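A quick write-up on the structure given underneath.
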Amino acid sequence: VYGRRWLVLLLFSLLGFAQGLVWNSWGPIQNSARLAFGFSGWDIALLVFWGPIGFAPCFFFMWLMDKKGLRVTVLLTSSLMVLGAGLRCVPVSDLEIRKKLIHGGQLLNGLAGPTVMNAAPFLSTTWFSPDERATATAIASLLNYLGAAGAFLVGPLVVPSPNGTSHLPLVSQSNTDHIKDRIEAVLYAEFGMVSLIFSAALAYFPSRPPFPPSVAAASQRLSYRRSFCRLLSNFRFLMIALAYAIPLGVFSGWSGVLDLILTPVHVSQVDAGWIGFWSIVGGCVVGIAMARFADFIRGMLKFILLLLLSGATLASTWFTLTCLTSVTHLPLTTATLYTSCILLGIFLNSSVPIFFELFVETVYPVPEGITCGVVTFLSNVFMGVLLFFLTFYHTEFSWFNWCLPGSCLLSLLLILCFRESYDRLYLDVVVSV
C-alpha cells in the first residue's frame with residue numbers, strides 16, 4: 001500500500017461531503033426559503049427530489065468508472081457540482097428565473113450522486129489492503145451523509161427563521177431582504193468550497209496506485225454486460241439489495257424534509273436542524289467504528305446488520321408513535337424527538353458501509369462500482385417514489401412517518417433470511433497465502 005492512499009481518500013470524501021451539503025441546502029431552511037424566494041411546499045419537495053432524479057444516468061457513471069477509472073469519473077462529477085453550485089448563485093432579480101436556476105443547480109448536483117455514493121468500495125479495493133477496506137469504505141461513503149448533516153447545522157444557524165416559526169430573538173428583527181442575503185451567503189460559500197475541491201482533484205487524483213494492494217484488486221473482473229446478468233440472476237444479491245434500498249431510500253427522503261415534517265408538531269427550524277445534524281453525525285461515527293470492527297473480526301457482516309436494523313426498527317416505531325400524541329398519548333417533547341431521531345440515524349446510517357462490503361463479497365468478481373451503483377440506484381428509486389407522493393400529499397405526514405418502521409422491519413426480515421458468503425475475502429486470505 002502507498003501513503004498517498006489517504007490523500008486520495010480525503011479528496012474523494014470531501015467531494016462527497018460537498019455534494020451532500022449542497023443537496024440538503026434547502027430542507028433545513030424551508031420556512032426561510034419560502035419567504036425569500038417564494039418557494040411553495042411543492043418546490044421544497046422538488047429541490048430534495050432532484051437528488052434521486054440525478055441517478056437517472058447512474059449506469060453511465062458506472063460504465064465510466066469501470067472503463068476509464070476513478071480520475072476521469074471524479075473530475076466529471078466535480079465539474080458538474082461546480083456548474084450546479086454556480087447556477088444557484090447567479091444574481092437575477094426576477095424570482096421566477098432565479099427559482100429555475102436554483103432548481104437547475106440542484107439537478108446538476110444530483111447528477112454527481114452516482115459517483116460519490118457508489119465509488120467508495122471501488123476506491124477502497126483499488127487503494128487499500130484487505131484489513132483496511134471496510135474502514136476506507138465507511139469513511140468514503142459516510143462523508144456524503146456528514147455533508148447533509150452539515151446543512152442541518154449551517155442553514156438554520158446562518159439563516160434566520162421568519163416570524164412565527166422560531167423562538168429566537170433574532171427573528172423579530174429579521175426581514176425578507178435580510179433572510180435572502182443570508183441564504184445567498186450560504187450559496188456563495190458552498191460554491192467556493194466545491195470549486196476548491198475541484199481544483200485539488202484536478203491537480204492530483206490518480207486513477208490507481210502503481211501496484212495493486214491485494215490479490216482481489218489485481219484480479220480480472222467480469223465485463224459490464226456480464227456483471228448485470230450476474231447481478232439480476234443472483235437471488236441472494238436481490239434480497240440484500242432490497243434490504244438496503246428500501247429503508248435507506250425512505251430515510252433519505254424523510255431526513256431531507258425533516259423540517260417540513262416537524263413543523264406541524266411545533267418544532268422550530270433550529271431544533272429540527274440540530275435533530276437532523278446529530279442523527280447523521282452519530283451514524284457516521286458509529287458506522288466508521290463498526291467498519292473498523294468488521295476489519296478486525298471478519299465474517300460478521302450479517303450479525304452487525306441484524307443488530308443495527310433491529311435498533312432502527314425500534315427507534316423509528318418510537319418516533320412514529322410519539323408524533324401520534326392524540327392516539328398514543330406519549331409525551332411529545334424535544335428530548336424524545338431528539339433521542340428517537342438520533343438513534344434512528346445512528347442505526348441506519350452506520351449500516352451503509354457494512355451493506356456495501358456485504359454486496360461486494362456476495363457477488364465477487366462483479367466490479368464494486370457496478371454492484372454499488374445498482375443498489376444505490378434502487379435506493380434512490382424508492383426515495384424518489386416517496387418524495388413523488390409527498391409532492392401531492394404534503395399537508396399531513398403520518399403516512400410518511402409510518403413508512404420508516406415498516407421499511408426497517410422488512411429489511412430486518414430479509415437479512416434474517418439471507419445466507420452470507422465471503423468470496424473476495426476468501427481470495428485475499430486463503431488463495432494469497
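How things are named: the first chain in the C-alpha cells is A, the next is B, and so on; residues count from 1 in each chain; ligands count from 1 in the order shown.
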Set out as CSV a contact list for range 114-220 of chain A and range 53-61 of chain A with a cut-off of 10 Å, giving each residue of range 114-220 of chain A that qualifies its closest atom pair and distance in Å to one decimal, counting only C-alpha atoms, ordered by chain and rising residue number.
residue,atom,partner,partner_atom,distance
A:Pro114,CA,A:Cys58,CA,5.4
A:Thr115,CA,A:Phe61,CA,6.7
A:Asn118,CA,A:Cys58,CA,9.2
A:Ala119,CA,A:Phe61,CA,9.7
Keeping only C-alpha atoms, write those residues as a compact mmCIF listing (two decimals), in the first residue's frame.
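The result, written out as out.txt:
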# COMPACT_ATOMS: atom_id res chain seq x y z
CA PRO A 114 -23.98 8.22 -8.51
CA THR A 115 -20.23 8.70 -8.18
CA ASN A 118 -21.18 4.30 -5.47
CA ALA A 119 -17.43 4.57 -5.78
Using only C-alpha atoms, find each residue in range 273-330 of chain A having at least one atom no more than 7 Å away from range 348-358 of chain A; report its shortest atom-to-atom pair and that distance in Å (one decimal), rows by chain then rising number, as JSON lines.
{"residue": "A:Ile280", "atom": "CA", "partner": "A:Asn349", "partner_atom": "CA", "distance": 6.8}
{"residue": "A:Gly283", "atom": "CA", "partner": "A:Asn349", "partner_atom": "CA", "distance": 4.7}
{"residue": "A:Cys284", "atom": "CA", "partner": "A:Ser350", "partner_atom": "CA", "distance": 6.0}
{"residue": "A:Val286", "atom": "CA", "partner": "A:Ser350", "partner_atom": "CA", "distance": 5.7}
{"residue": "A:Gly287", "atom": "CA", "partner": "A:Ser350", "partner_atom": "CA", "distance": 3.6}
{"residue": "A:Ala291", "atom": "CA", "partner": "A:Ile354", "partner_atom": "CA", "distance": 6.5}
{"residue": "A:Leu301", "atom": "CA", "partner": "A:Ile354", "partner_atom": "CA", "distance": 6.3}
{"residue": "A:Leu305", "atom": "CA", "partner": "A:Ser351", "partner_atom": "CA", "distance": 6.3}
{"residue": "A:Leu308", "atom": "CA", "partner": "A:Ser351", "partner_atom": "CA", "distance": 6.6}
{"residue": "A:Leu309", "atom": "CA", "partner": "A:Leu348", "partner_atom": "CA", "distance": 6.9}
{"residue": "A:Ala312", "atom": "CA", "partner": "A:Leu348", "partner_atom": "CA", "distance": 6.2}
Generate the output file for the selected residues, all heavy atoms, as an mmCIF file, in the first residue's frame.
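Saved file again-v7.cif follows:
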data_model
loop_
_atom_site.group_PDB
_atom_site.id
_atom_site.type_symbol
_atom_site.label_atom_id
_atom_site.label_comp_id
_atom_site.auth_asym_id
_atom_site.auth_seq_id
_atom_site.Cartn_x
_atom_site.Cartn_y
_atom_site.Cartn_z
ATOM 1 N N ILE A 280 -27.341 12.242 11.896
ATOM 2 C CA ILE A 280 -26.420 11.823 10.840
ATOM 3 C C ILE A 280 -24.995 11.722 11.364
ATOM 4 O O ILE A 280 -24.257 10.780 11.044
ATOM 5 C CB ILE A 280 -26.505 12.785 9.643
ATOM 6 C CG1 ILE A 280 -27.913 12.758 9.050
ATOM 7 C CG2 ILE A 280 -25.496 12.401 8.568
ATOM 8 C CD1 ILE A 280 -28.128 13.740 7.921
ATOM 9 N N GLY A 283 -24.596 8.559 13.215
ATOM 10 C CA GLY A 283 -24.500 7.443 12.292
ATOM 11 C C GLY A 283 -23.125 7.329 11.644
ATOM 12 O O GLY A 283 -22.607 6.224 11.452
ATOM 13 N N CYS A 284 -22.517 8.462 11.310
ATOM 14 C CA CYS A 284 -21.179 8.446 10.701
ATOM 15 C C CYS A 284 -20.133 7.918 11.674
ATOM 16 O O CYS A 284 -19.280 7.092 11.326
ATOM 17 C CB CYS A 284 -20.812 9.847 10.225
ATOM 18 S SG CYS A 284 -21.810 10.451 8.852
ATOM 19 N N VAL A 286 -20.563 6.012 14.456
ATOM 20 C CA VAL A 286 -20.790 4.593 14.748
ATOM 21 C C VAL A 286 -20.496 3.741 13.516
ATOM 22 O O VAL A 286 -19.965 2.626 13.631
ATOM 23 C CB VAL A 286 -22.232 4.371 15.236
ATOM 24 C CG1 VAL A 286 -22.533 2.889 15.414
ATOM 25 C CG2 VAL A 286 -22.456 5.100 16.556
ATOM 26 N N GLY A 287 -20.814 4.254 12.317
ATOM 27 C CA GLY A 287 -20.551 3.499 11.094
ATOM 28 C C GLY A 287 -19.076 3.239 10.880
ATOM 29 O O GLY A 287 -18.671 2.119 10.521
ATOM 30 N N ALA A 291 -17.278 -0.399 10.990
ATOM 31 C CA ALA A 291 -16.450 -0.862 9.876
ATOM 32 C C ALA A 291 -15.069 -1.276 10.359
ATOM 33 O O ALA A 291 -14.499 -2.266 9.884
ATOM 34 C CB ALA A 291 -16.341 0.241 8.822
ATOM 35 N N LEU A 301 -20.490 -9.631 9.067
ATOM 36 C CA LEU A 301 -21.275 -8.541 8.481
ATOM 37 C C LEU A 301 -22.778 -8.737 8.694
ATOM 38 O O LEU A 301 -23.500 -7.787 9.019
ATOM 39 C CB LEU A 301 -20.962 -8.419 6.987
ATOM 40 C CG LEU A 301 -19.512 -8.056 6.630
ATOM 41 C CD1 LEU A 301 -19.344 -7.988 5.115
ATOM 42 C CD2 LEU A 301 -19.111 -6.744 7.268
ATOM 43 N N LEU A 305 -25.389 -6.242 10.815
ATOM 44 C CA LEU A 305 -26.593 -5.667 10.197
ATOM 45 C C LEU A 305 -27.854 -6.021 10.976
ATOM 46 O O LEU A 305 -28.765 -5.193 11.098
ATOM 47 C CB LEU A 305 -26.714 -6.155 8.751
ATOM 48 C CG LEU A 305 -25.759 -5.522 7.742
ATOM 49 C CD1 LEU A 305 -25.937 -6.152 6.371
ATOM 50 C CD2 LEU A 305 -25.978 -4.021 7.656
ATOM 51 N N LEU A 308 -28.040 -3.608 13.909
ATOM 52 C CA LEU A 308 -28.344 -2.235 13.510
ATOM 53 C C LEU A 308 -29.797 -2.089 13.058
ATOM 54 O O LEU A 308 -30.480 -1.119 13.415
ATOM 55 C CB LEU A 308 -27.394 -1.799 12.395
ATOM 56 C CG LEU A 308 -25.916 -1.696 12.776
ATOM 57 C CD1 LEU A 308 -25.066 -1.366 11.553
ATOM 58 C CD2 LEU A 308 -25.694 -0.638 13.859
ATOM 59 N N LEU A 309 -30.298 -3.041 12.276
ATOM 60 C CA LEU A 309 -31.667 -2.937 11.774
ATOM 61 C C LEU A 309 -32.705 -3.179 12.878
ATOM 62 O O LEU A 309 -33.798 -2.605 12.837
ATOM 63 C CB LEU A 309 -31.873 -3.910 10.623
ATOM 64 C CG LEU A 309 -31.127 -3.538 9.336
ATOM 65 C CD1 LEU A 309 -31.158 -4.677 8.338
ATOM 66 C CD2 LEU A 309 -31.710 -2.269 8.725
ATOM 67 N N ALA A 312 -32.893 0.153 14.511
ATOM 68 C CA ALA A 312 -33.583 1.116 13.655
ATOM 69 C C ALA A 312 -35.094 0.900 13.694
ATOM 70 O O ALA A 312 -35.871 1.868 13.697
ATOM 71 C CB ALA A 312 -33.067 1.005 12.220
#
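With only C-alpha atoms taken into account, the protein and nucleic acid residues at most 12 Å from Val363 in chain A (excluding it and anything under 6 positions from it in its own chain) are Arg221, Leu222, Arg226, Ser227, Phe228, Cys229, Arg230, Leu231, Leu232, Ser233, Asn234, Phe235, Arg236, Phe237, Leu238, Ile240, Ala241, Phe356, Glu357, Gly369, Ile370, Thr371, Cys372, Glu420, Ser421, Tyr422, Asp423, Arg424 and Leu425 of chain A.
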### Message
Set the distance at 8 Å and use only C-alpha atoms: which residues neighbour Lys180 in chain A once local chain neighbours fewer than 2 positions away are removed? I'd like the list as a VMD selection string.
### Response
chain A and resid 33 36 to 37 176 to 178 182 to 184
### Query
Nearest to Val257 in chain A: which of A:Cys403, A:Leu46, A:Val116, A:Val22 is it, counting only C-alpha atoms?
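Selected residue with least distance to Val257 in chain A: A:Leu46.
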### Spatial neighbours of Cys341 in chain A, max dist 8 Å, only C-alpha atoms, sep filter under 2 positions, as a PyMOL selection string
chain A and resi 275-276+279+315-316+319+337-339+343-345
May I have the residues within 8 Å of Gln106 in chain A as a PDB file with C-alpha atoms, in the first residue's frame, using only C-alpha atoms and disregarding those fewer than 5 positions away in the same chain?
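Generated file (selection.pdb):
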ATOM      1  CA  VAL A  22     -25.433  21.186  -1.452  1.00  0.00           C
ATOM      2  CA  TRP A  23     -28.196  18.578  -1.850  1.00  0.00           C
ATOM      3  CA  LEU A  47     -35.497  20.577  -4.544  1.00  0.00           C
ATOM      4  CA  TRP A  50     -33.583  16.389  -7.730  1.00  0.00           C
ATOM      5  CA  GLY A  51     -31.204  14.136  -5.764  1.00  0.00           C
ATOM      6  CA  GLY A  84     -24.577  23.422 -10.362  1.00  0.00           C
ATOM      7  CA  ALA A  85     -23.358  25.420  -7.349  1.00  0.00           C
ATOM      8  CA  ARG A  88     -27.606  28.796  -7.781  1.00  0.00           C
TER       9      ARG A  88
END
### alpha helix (DSSP H) residues, from DSSP on the backbone, in range 59-247 of chain A, as a PyMOL selection string
chain A and resi 59-68+70-87+95-110+113-118+120-127+133-158+176-203+215-218+224-232+235-247
### Task
Can you pull out every residue within 9 Å of range 38-45 of chain A, counting only C-alpha atoms, but drop anything in the same chain fewer than 2 positions away, and send it as an MDAnalysis selection string?
chainID A and resid 26:27 30:31 33:36 47:50 95:96 99 103 256:257 260 387:388 390:392 394
Just write the chosen residues, N, CA and C atoms, as a PDB file, in the first residue's frame.
ATOM      1  N   TRP A  26     -31.706  23.122   1.224  1.00  0.00           N
ATOM      2  CA  TRP A  26     -32.995  23.812   1.299  1.00  0.00           C
ATOM      3  C   TRP A  26     -33.947  23.233   2.329  1.00  0.00           C
ATOM      4  N   GLY A  27     -33.897  21.936   2.580  1.00  0.00           N
ATOM      5  CA  GLY A  27     -34.808  21.342   3.541  1.00  0.00           C
ATOM      6  C   GLY A  27     -34.733  21.953   4.936  1.00  0.00           C
ATOM      7  N   GLN A  30     -36.411  25.543   5.000  1.00  0.00           N
ATOM      8  CA  GLN A  30     -37.530  25.656   4.066  1.00  0.00           C
ATOM      9  C   GLN A  30     -38.461  26.819   4.400  1.00  0.00           C
ATOM     10  N   ASN A  31     -38.644  27.129   5.686  1.00  0.00           N
ATOM     11  CA  ASN A  31     -39.502  28.269   6.032  1.00  0.00           C
ATOM     12  C   ASN A  31     -38.904  29.589   5.541  1.00  0.00           C
ATOM     13  N   ALA A  33     -36.695  29.898   3.054  1.00  0.00           N
ATOM     14  CA  ALA A  33     -36.659  29.886   1.595  1.00  0.00           C
ATOM     15  C   ALA A  33     -38.014  30.232   0.993  1.00  0.00           C
ATOM     16  N   ARG A  34     -39.083  29.815   1.635  1.00  0.00           N
ATOM     17  CA  ARG A  34     -40.422  30.168   1.158  1.00  0.00           C
ATOM     18  C   ARG A  34     -40.609  31.680   1.148  1.00  0.00           C
ATOM     19  N   LEU A  35     -40.141  32.334   2.220  1.00  0.00           N
ATOM     20  CA  LEU A  35     -40.315  33.777   2.330  1.00  0.00           C
ATOM     21  C   LEU A  35     -39.401  34.535   1.368  1.00  0.00           C
ATOM     22  N   ALA A  36     -38.139  34.096   1.257  1.00  0.00           N
ATOM     23  CA  ALA A  36     -37.156  34.844   0.481  1.00  0.00           C
ATOM     24  C   ALA A  36     -37.331  34.668  -1.029  1.00  0.00           C
ATOM     25  N   LEU A  47     -36.919  20.299  -4.732  1.00  0.00           N
ATOM     26  CA  LEU A  47     -35.497  20.577  -4.544  1.00  0.00           C
ATOM     27  C   LEU A  47     -34.779  19.371  -3.943  1.00  0.00           C
ATOM     28  N   VAL A  48     -35.446  18.659  -3.043  1.00  0.00           N
ATOM     29  CA  VAL A  48     -34.875  17.427  -2.498  1.00  0.00           C
ATOM     30  C   VAL A  48     -34.975  16.299  -3.530  1.00  0.00           C
ATOM     31  N   PHE A  49     -36.049  16.320  -4.316  1.00  0.00           N
ATOM     32  CA  PHE A  49     -36.326  15.273  -5.303  1.00  0.00           C
ATOM     33  C   PHE A  49     -35.275  15.235  -6.407  1.00  0.00           C
ATOM     34  N   TRP A  50     -34.609  16.376  -6.682  1.00  0.00           N
ATOM     35  CA  TRP A  50     -33.583  16.389  -7.730  1.00  0.00           C
ATOM     36  C   TRP A  50     -32.440  15.423  -7.412  1.00  0.00           C
ATOM     37  N   LEU A  95     -37.648  36.625  -9.687  1.00  0.00           N
ATOM     38  CA  LEU A  95     -37.703  35.460  -8.799  1.00  0.00           C
ATOM     39  C   LEU A  95     -38.026  34.169  -9.542  1.00  0.00           C
ATOM     40  N   GLU A  96     -38.840  34.250 -10.586  1.00  0.00           N
ATOM     41  CA  GLU A  96     -39.184  33.042 -11.332  1.00  0.00           C
ATOM     42  C   GLU A  96     -37.951  32.457 -12.025  1.00  0.00           C
ATOM     43  N   LYS A  99     -35.611  30.999  -9.382  1.00  0.00           N
ATOM     44  CA  LYS A  99     -36.045  29.689  -8.911  1.00  0.00           C
ATOM     45  C   LYS A  99     -35.671  28.599  -9.921  1.00  0.00           C
ATOM     46  N   HIS A 103     -33.277  25.393  -9.200  1.00  0.00           N
ATOM     47  CA  HIS A 103     -33.681  24.014  -9.498  1.00  0.00           C
ATOM     48  C   HIS A 103     -32.678  23.348 -10.449  1.00  0.00           C
ATOM     49  N   GLY A 256     -34.452  14.494   4.376  1.00  0.00           N
ATOM     50  CA  GLY A 256     -34.332  15.664   3.513  1.00  0.00           C
ATOM     51  C   GLY A 256     -35.432  16.692   3.721  1.00  0.00           C
ATOM     52  N   VAL A 257     -36.581  16.252   4.237  1.00  0.00           N
ATOM     53  CA  VAL A 257     -37.692  17.177   4.506  1.00  0.00           C
ATOM     54  C   VAL A 257     -38.066  17.131   5.988  1.00  0.00           C
ATOM     55  N   LEU A 260     -39.903  20.084   7.370  1.00  0.00           N
ATOM     56  CA  LEU A 260     -41.291  20.107   6.897  1.00  0.00           C
ATOM     57  C   LEU A 260     -42.162  19.167   7.733  1.00  0.00           C
ATOM     58  N   LEU A 387     -40.876  10.719  -2.351  1.00  0.00           N
ATOM     59  CA  LEU A 387     -40.944  12.177  -2.499  1.00  0.00           C
ATOM     60  C   LEU A 387     -41.954  12.580  -3.571  1.00  0.00           C
ATOM     61  N   PHE A 388     -42.159  11.708  -4.557  1.00  0.00           N
ATOM     62  CA  PHE A 388     -43.179  11.984  -5.569  1.00  0.00           C
ATOM     63  C   PHE A 388     -44.561  12.050  -4.917  1.00  0.00           C
ATOM     64  N   LEU A 390     -45.032  12.722  -1.842  1.00  0.00           N
ATOM     65  CA  LEU A 390     -45.008  13.860  -0.928  1.00  0.00           C
ATOM     66  C   LEU A 390     -45.388  15.152  -1.635  1.00  0.00           C
ATOM     67  N   THR A 391     -45.066  15.275  -2.923  1.00  0.00           N
ATOM     68  CA  THR A 391     -45.436  16.488  -3.645  1.00  0.00           C
ATOM     69  C   THR A 391     -46.944  16.650  -3.764  1.00  0.00           C
ATOM     70  N   PHE A 392     -47.693  15.534  -3.607  1.00  0.00           N
ATOM     71  CA  PHE A 392     -49.149  15.606  -3.679  1.00  0.00           C
ATOM     72  C   PHE A 392     -49.800  15.567  -2.297  1.00  0.00           C
ATOM     73  N   HIS A 394     -48.675  16.661   0.966  1.00  0.00           N
ATOM     74  CA  HIS A 394     -47.740  17.352   1.851  1.00  0.00           C
ATOM     75  C   HIS A 394     -48.449  18.168   2.928  1.00  0.00           C
TER      76      HIS A 394
END
### Task
Mind giving me the straight-line distance from CA of Trp63 in chain A to CA of Leu378 in chain A in Å, one decimal?
17.0 Å
### Message
I'd like to know which of A:Ala18, A:Phe293, A:Gly150, A:Leu258 is closest to Leu196 in chain A, using only C-alpha atoms.
### Response
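Closest candidate: A:Ala18.
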### Distance of CA of Thr313 in chain A from CA of Leu409 in chain A, expressed in Å to one decimal place
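A separation of 5.8 Å between them.
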### Query
What is the CA of Leu21 in chain A-CA of Trp6 in chain A distance in Å, reported with one decimal?
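These atoms are spaced 22.1 Å apart.
Distances to Ala200 in chain A were evaluated for A:Leu14, A:Leu414, A:Val1, A:Val285 using only C-alpha atoms, and the minimum falls at A:Leu14.
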### Task
Rank A:Ala148, A:Leu427, A:Cys408, A:Leu248 by their smallest atom-to-atom distance to Ser214 in chain A, using only C-alpha atoms, and report the top residue only.
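With only C-alpha atoms as the atom set, the closest residue is A:Leu427.
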